[in-house]
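Engineer: Below is one structure. I have some questions about it.
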2 protein chains.
Amino acid sequence: MNAISATYIATPADVGQKFERARSLVASDLLEVNRLILEHLQSQVPLIPELARHLIAAGGKRIRPILTLLAARLCGYRGSRHIGLATSVEFIHTATLLHDDVVDESGLRRGNPTANSVWGNKAPVLVGDFLFSRAFQLMVADGSLRVLEILSEASAVIAEGEVAQLITSNDTAIGEADYLRVIRAKTATLFKAACRIGAVVAERPEEEELALAEYGEALGIAFQLVDDALDYGAEQRVLGKDLGDDFREGKITLPVLIAFARGNAEERAFWRRTLEELDQGPGDLEHALELLRRRGALRETVERAARYGENARRRLEIFPASPAREALSELVDFCVARAF
Amino acid sequence: MNAISATYIATPADVGQKFERARSLVASDLLEVNRLILEHLQSQVPLIPELARHLIAAGGKRIRPILTLLAARLCGYRGSRHIGLATSVEFIHTATLLHDDVVDESGLRRGNPTANSVWGNKAPVLVGDFLFSRAFQLMVADGSLRVLEILSEASAVIAEGEVAQLITSNDTAIGEADYLRVIRAKTATLFKAACRIGAVVAERPEEEELALAEYGEALGIAFQLVDDALDYGAEQRVLGKDLGDDFREGKITLPVLIAFARGNAEERAFWRRTLEELDQGPGDLEHALELLRRRGALRETVERAARYGENARRRLEIFPASPAREALSELVDFCVARAF
C-alpha cells in the first residue's frame with residue numbers, strides 16, 4: 001500500500017508535474033490533435049464551431065486523447081493514424097459533455113437557467129450530434145472496422161450508463177454496485193476504448209489490447225471516484241465547477257452512499273430530505289460536508305480510487321519499461337492524487 | 001403539368017392506397033426490419049426500450065427504411081444486408097426526432113411542459129444517443145465503409161441543418177434560399193442517403209447510385225414542403241400533430257415566407273408580431289390561416305413540392321420498368337398528394 005500512502009503526501013505541484021510529464025511525451029502529437037479538432041469543427045453554420053470551440057478550448061486536459069496517443073506509443077506504433085482516432089475520442093467525449101449539460105425541467109425549476117437563453121437546450125444537443133457524427137467520419141476516414149466497432153459500442157454503453165444514472169438519481173436506496181455500474185459505463189468505457197484503440201492501431205496481440213483496455217477501465221473508475229469526491233472537497237477555483245453541484249442536483253455518488261450507510265437515523269433523514277426530496281436550505285451543503293468528513297466518506301472514496309489506480313498500474317506490467325509506460329503510470333498518480 | 005393537376009384530384013383513399021402498394025412490395029423485408037428494431041432496442045436499462053419503443057412503435061410509416069428496401073430491390077439486390085441498413089436509417093431518424101423534441105427554455109416559458117416531468121429533457125437526449133450508437137453498430141456489423149461514410153456524413157449534415165434552422169427561427173427576413181438549404185439538410189439528406197445505400201449494397205455503378213441519391217433528395221424536399229403546408233392545413237386527426245405547431249413555435253416555413261412576401265404592410269406586421277416576437281393571442285392562428293389562403297401560400301408550397309416530386313420521378317427513368325420502380329414512383333405521389 002506504499003503507492004497509496006504516497007498519494008496522500010503528494011502536493012498539488014507534484015500532481016500537476018506528473019500530468020505535465022505524461023503529456024509532454026506526446027506533446028507534438030497533441031498539437032496535431034488540436035489542429036484536427038479545429039479543422040473538423042468547421043461548418044457552414046458558424047454557431048457550431050462557436051459553441052463547440054467554447055467547450056473544447058475551455059476544456060480540460062485532453063486526458064482521453066492523451067491515453068490513445070500514449071497507448072499507441074507504448075505499443076511501438078510509428079504511423080499517424082492515432083492522431084485522427086484520438087481526435088475522434090475527444091469529439092465523443094465533448095458530445096457527451098454537451099448532452100450532459102442539457103437542462104432538465106426540474107433543473108429549471110430550481111432556477112439557474114443558462115445565460116444563453118436564446119439557444120436554450122437545443123443548440124448544445126444538436127452541436128453534440130454534429131460532433132458525434134464528426135467522430136464517426138474521422139473513424140471512417142481511418143478505415144478500421146475494429147476501431148469503429150469498439151467506439152460505436154462504447155458510445156452505446158455510455159448512453160446506457162447516462163440513462164441508468166438518471167434513474168438512480170435522487171435514490172439513496174441504490175447500492176454501491178449500482179453506482180459502480182453507472183460510472184463504469186458512463187466514464188470508464190471511454191477511457192477503456194481510448195486505450196484499447198491505441199493497441200488496435202499498432203496491431204498488437206489480443207493480450208496487449210486487453211491489458212490496455214483493463215488499464216483504461218480501472219483508471220476511468222478511479223478518475224470518476226475522485227471526481228465525485230472532489231465535488232464535495234475541492235476549491236471551486238481549482239476544479240472549475242461549483243462545490244456541491246452533485247449535492248444540489250441530488251446525485252447519489254459514492255461519498256454519499258458511504259456516509260448514508262455509516263450514518264445514524266437522523267443523518268439518513270437529512271440525506272433523504274436533501275437528495276431525494278431535493279428540499280435544501282441554507283446551511284445544508286455545509287452540513288453535508290460535515291457529515292461526509294465525520295463518516296470518513298471522502299477519504300474512503302479516494303482510497304478506493306487509489307486501489308483502482310493500483311489495478312490499472314498492474315495492467316501495464318506486461319509491457320517492457322519505456323517512457324510511455326512511465327507516463328501511463330504517472331497518469332494513474334495524477335488521476336488519484338488530484339484529490340489532495 | 002399533368003402530373004401536378006392529377007394530384008389535386010387525388011382523394012385521401014387513393015393516396016393511402018399508393019403508399020400501401022409501395023409498402024406491400026417490401027412487406028416481408030419490413031417485418032424483418034421491425035424485428036431488428038425491437039432486437040436492437042434491447043438494453044440492460046429498461047427505460048431505453050420503453051422510451052424508444054413508444055416513439056418507434058407509435059411512429060410513422062417507416063418511409064425512410066422503405067426507401068432503402070425499395071432502392072435495393074430496384075437495383076436487383078438479392079441478399080439480406082439491406083435489412084440491417086434500413087434499420088440503421090430508421091434509428092438515425094428516430095434519434096433525430098428524439099433530439100428535435102427537446103424542450104427549449106423558451107418553449108417552457110410558453111407553457112406545455114411534457115407530461116413526463118420525471119425524466120425531463122435528458123432521457124430523450126440520451127436515448128437518442130443510444131439509438132444513434134446502435135445505428136453505427138448495425139453499420140459496422142454490415143462492414144461497408146462506403147455505407148458508413150454516407151451515413152456518418154449525412155448525420156453531420158442533418159445536425160448542421162437543425163442548427164441552421166434554430167438560427168433562422170423567428171426571423172421573417174430569411175429568404176427562400178435559406179429555408180430550402182435548411183430542409184435540404186435536415187430532411188432531404190436522410191432520404192437521399194437512405195436511397196443511395198440501396199444502390200451501394202447492390203454494388204451498382206456510380207450512375208445508378210447518383211440517380212437514386214438525387215431521387216431521394218428531391219423526394220425529401222417535396223416531403224418536407226408538404227409537411228410544412230400540412231402544419232397549416234390538415235386535420236389534426238389525420239396528421240397526428242396539432243394544427244399550427246410551427247406557428248406557435250415561430251418557425252419560418254415556406255408558406256409563411258410566401259405569404260409574407262406577397263402581403264401588405266399590415267400583414268407583414270402581423271407575421272412579425274406573431275412569429276418574430278411570439279406575441280400571439282386568441283384568433284391569431286385563424287388569422288394566419290386566412291392570410292395563407294388569401295395569398296395562395298399553401299397552394300404555391302404544394303405546387304413546388306409537386307415540381308420536386310416530378311424531378312424525383314425523372315431520376316428513376318434510367319432504371320428499367322419494374323415493380324420497384326413503380327413503387328418508388330407511387331411514393332412520390334404519396335408524398336405530394338397527402339397534402340390534399
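Every chain in the C-alpha cells takes a letter, A first, then B, and so on in the order presented; its residues are numbered from 1, and the ligands are numbered from 1 following the presented order.
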Mind dumping a table of every chain B residue within 8 Å of chain A, with the nearest atom pair and its distance in Å to one decimal, using only C-alpha atoms, sorted by chain and rising number, as a tab-separated table?
Structural biologist:
```
residue	atom	partner	partner_atom	distance
B:Ser43	CA	A:Glu160	CA	7.5
B:Gln44	CA	A:Glu160	CA	7.9
B:Val45	CA	A:Ala164	CA	6.2
B:Leu47	CA	A:Val163	CA	7.6
B:Ile48	CA	A:Val163	CA	7.5
B:His99	CA	A:Val125	CA	6.9
B:Asp100	CA	A:Lys122	CA	7.6
B:Val102	CA	A:Lys122	CA	6.4
B:Val103	CA	A:Asn121	CA	7.0
B:Asp104	CA	A:Asn121	CA	5.2
B:Glu105	CA	A:Gly120	CA	5.4
B:Ser106	CA	A:Gly120	CA	7.0
B:Pro113	CA	A:Glu105	CA	7.8
B:Ser117	CA	A:Glu105	CA	6.8
B:Val118	CA	A:Ser106	CA	7.9
B:Trp119	CA	A:Leu166	CA	7.6
B:Gly120	CA	A:Asp104	CA	5.2
B:Asn121	CA	A:Asp104	CA	5.1
B:Lys122	CA	A:Asp104	CA	6.1
B:Ala123	CA	A:Val163	CA	6.3
B:Val125	CA	A:His99	CA	6.8
B:Leu126	CA	A:Ala159	CA	5.5
B:Val127	CA	A:Ala159	CA	6.9
B:Asp129	CA	A:Ala159	CA	6.1
B:Phe130	CA	A:Ala156	CA	4.9
B:Leu131	CA	A:Ala156	CA	7.7
B:Ser133	CA	A:Ala156	CA	5.0
B:Arg134	CA	A:Ala156	CA	6.4
B:Phe136	CA	A:Ser152	CA	6.0
B:Gln137	CA	A:Ser152	CA	5.6
B:Val140	CA	A:Glu149	CA	6.1
B:Ala141	CA	A:Glu149	CA	7.9
B:Gly143	CA	A:Leu145	CA	6.9
B:Leu145	CA	A:Val140	CA	6.4
B:Leu148	CA	A:Val140	CA	6.6
B:Glu149	CA	A:Val140	CA	6.1
B:Ser152	CA	A:Ser133	CA	5.5
B:Glu153	CA	A:Gln137	CA	6.5
B:Ser155	CA	A:Ser133	CA	5.7
B:Ala156	CA	A:Phe130	CA	4.9
B:Val157	CA	A:Phe130	CA	7.8
B:Ala159	CA	A:Phe130	CA	5.2
B:Glu160	CA	A:Val45	CA	6.4
B:Glu162	CA	A:Leu126	CA	6.8
B:Val163	CA	A:Ala123	CA	6.3
B:Ala164	CA	A:Val45	CA	6.2
B:Leu166	CA	A:Ala123	CA	7.5
```
Engineer: Excluding segment 206-220 of chain B and any residue of its chain fewer than 4 positions from it, enumerate the residues within 8 Å of it, using only C-alpha atoms, and give them as a list in words.
Structural biologist: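 My list of contacting residues is Ala71, Arg184, Thr187, Ala188, Thr189, Leu190, Phe191, Lys192, Ala193, Ala194, Cys195, Arg196, Ile197, Ala199, Val200, Gln224, Tyr308, Gly309, Asn311, Ala312, Arg313, Arg314, Arg315, Leu316, Ile318, Phe319, Val332 and Cys335 of chain B.
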Engineer: So that I can see what lies close to Asp231 of chain A, please list as a count of residues only the residues with an atom at most 7 Å from it, counting only C-alpha atoms and leaving out residues fewer than 4 positions away in the same chain.
Structural biologist: 5
Engineer: When distances are computed from only C-alpha atoms, which of B:Ala321, B:Ile56, B:Pro255, B:Leu328 shows the smallest separation from Thr68 of chain B?
Structural biologist: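 Comparing B:Ala321, B:Ile56, B:Pro255, B:Leu328 against Thr68 of chain B, the winner is B:Leu328.
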Engineer: Taking the DSSP assignment computed from this structure's backbone, write out as an MDAnalysis selection string all residues of segment 8-207 of chain A that belong to helix (DSSP H, G or I).
Structural biologist: chainID A and resid 8:9 12:25 27:41 47:58 63:74 81:100 105:109 122:142 145:168 176:201 206:207
Engineer: What's the 7 Å shell around Ile66 of chain B, counting only C-alpha atoms, without same-chain residues fewer than 4 positions away, as a VMD selection string?
Structural biologist: chain B and resid 23 62 70
Engineer: For those residues, write N, CA and C atoms to a file as a short mmCIF file (atom, residue, chain, number, x, y, z; two decimals), in the first residue's frame.
Structural biologist:
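Wrote it out as selection.cif, contents follow:
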```cif
data_model
loop_
_atom_site.label_atom_id
_atom_site.label_comp_id
_atom_site.auth_asym_id
_atom_site.auth_seq_id
_atom_site.Cartn_x
_atom_site.Cartn_y
_atom_site.Cartn_z
N ARG B 23 -45.53 0.01 -50.14
CA ARG B 23 -45.08 -0.68 -48.93
C ARG B 23 -45.18 -2.20 -49.07
N ARG B 62 -42.49 4.49 -41.60
CA ARG B 62 -41.20 3.88 -41.95
C ARG B 62 -40.81 4.21 -43.38
N LEU B 70 -36.66 -0.47 -51.06
CA LEU B 70 -37.09 -0.39 -52.45
C LEU B 70 -35.92 -0.08 -53.38
#
```
